[in-house]
Structure formats: structure tokens, C-alpha cells
Amino acid sequence: MSDEYEDLNVTYPGAASFKFGDSEHQSGVLLALVREGKKRATCDALSMFEAEPGSMPVVGRCDIAQNWDGTPALVIRTLKVEQVRFCDVTEEMALAEGENHDLWGWRRDHETYFRRHYDFSPEMMLVFEHFEVVEDLAERG
């Protein structure tokens with residue numbers, strides 16, 4: 001564990017680490033959207049959280065979003081966690097993810113993502129997390 005992670009674990013006890021997206025390019029785009037204030041939510045399949053104990057977001061907990069290379073990028077705090085079927089995601093929820101301009105675009109892009117990783121169904125359960133940025137680690141000297 002790097003000294004930076006040791007310091008972060010002291011400052012943010014219990015923080016989990018994760019990466020946005022499933023490629024280096026997508027991760028960078030999503031981190032930029034968070035930094036710009038456009039992305040304030042994220043989601044993934046409930047089955048992923050069930051398969052990885054301790055990965056479920058917890059309201060009030062701070063977590064560390066990593067760069068694709070595993071270095072810490074941002075600290076976020078979970079504000080709200082919802083379990084919702086893919087087909088029941090609202091436009092408000094979709095827009096909070098900051099990746100699309102409307103619900104249709106969100107559904108198209110997320111269906112593509114979910115088909116790459118899961119047995120997609122419009123009825124599949126998602127964990128939808130709303131968060132705020134606590135610290136941008138790129139600003140640390």
C-alpha cells in the first residue's frame with residue numbers, strides 16, 4: 001500500500017476504492033465529468049455488489065475513486081443509495097450521472113455497458129448511488 005493510501009485511510013477510515021467505467025478512456029472521461037460537477041451519480045448491477053462483499057455504497061461513507069492505473073483520484077461521499085430496475089430509472093436519475101443529455105441516451109449507453117458485463121434485462125436490478133466530491137486528490141501537492 002502506498003503512503004498516499006495510508007494517509008487516505010487515516011483521513012477517511014473505512015473508505016472503499018473503485019474505478020469509474022470499464023476502460024482507461026471511459027474512466028478518464030467519467031472522472032473529468034465528476035471534476036466538472038456534471039456527474040453526481042453512478043450505478044451498476046446489484047449482482048456485482050452481491051458478488052463483491054463490502055463494495056455496496058453506504059450513505060455517509062467516503063470512498064476513493066481511482067485513476068485507471070489504481071492511483072487515488074477523488075474522494076466522494078455517498079449521499080443516497082437506491083435499488084431500482086433498469087427500466088424504472090428516471091430521467092432525473094439518468095441526468096445525475098452526467099454522461100447523457102436525456103433518458104433515451106442513458107438507456108442506450110447503459111444497456112451496451114450492461115450487456116458487456118452481465119446478463120442484461122430491462123428488469124435487472126441496479127444500485128444507483130448519488131454522491132458529492134469531498135476532495136480532488138489531484139489538488140494535493
# chains A, B, ... in the order shown; residues from 1 in each chain; ligands from 1

call {"tool": "residues_around", "arguments": {"residues": "A:Asp102", "least_positions_apart": "5", "cutoff": "9 Å", "atoms": "only C-alpha atoms", "output": "number ranges by chain"}}
result
A: 91-92, 94-95, 107

call {"tool": "select_by_dssp", "arguments": {"residues": "chain A", "states": "strand (DSSP E)", "output": "VMD selection string"}}
result
chain A and resid 17 to 19 41 to 45 62 to 66 72 to 85 125 to 136

call {"tool": "atom_distance", "arguments": {"atom1": "atom CA of A:Val81", "atom2": "atom CA of A:Thr112"}}
result
22.9 Å

call {"tool": "atom_distance", "arguments": {"atom1": "atom CA of A:Ala32", "atom2": "atom CA of A:Ser121"}}
result
29.4 Å

call {"tool": "closest_residue", "arguments": {"among": "A:Ala45, A:Ala51, A:Ile64, A:Cys87", "to": "A:Ala15", "atoms": "only C-alpha atoms"}}
result
A:Ile64

call {"tool": "residues_around", "arguments": {"residues": "stretch 22-29 of chain A", "least_positions_apart": "2", "cutoff": "9 Å", "atoms": "only C-alpha atoms", "output": "PyMOL selection string"}}
result
chain A and resi 19-20+31-34+66-69+113

call {"tool": "closest_residue", "arguments": {"among": "A:Leu137, A:Arg61, A:His130, A:Val84", "to": "A:Tyr12", "atoms": "only C-alpha atoms"}}
result
A:Arg61

call {"tool": "residues_around", "arguments": {"residues": "A:Thr11", "least_positions_apart": "5", "cutoff": "10 Å", "atoms": "only C-alpha atoms", "output": "PyMOL selection string"}}
result
chain A and resi 5-6+62

call {"tool": "write_last_selection", "arguments": {"atoms": "N, CA and C atoms", "output": "PDB file, in the first residue's frame"}}
result
ATOM      1  N   TYR A   5      -2.134   6.112   0.059  1.00  0.00           N
ATOM      2  CA  TYR A   5      -3.297   5.341   0.501  1.00  0.00           C
ATOM      3  C   TYR A   5      -3.331   5.219   2.019  1.00  0.00           C
ATOM      4  N   GLU A   6      -2.158   5.063   2.638  1.00  0.00           N
ATOM      5  CA  GLU A   6      -2.121   5.004   4.101  1.00  0.00           C
ATOM      6  C   GLU A   6      -2.649   6.298   4.693  1.00  0.00           C
ATOM      7  N   CYS A  62     -17.209   7.809   2.958  1.00  0.00           N
ATOM      8  CA  CYS A  62     -16.348   8.353   1.908  1.00  0.00           C
ATOM      9  C   CYS A  62     -15.612   7.202   1.251  1.00  0.00           C
TER      10      CYS A  62
END
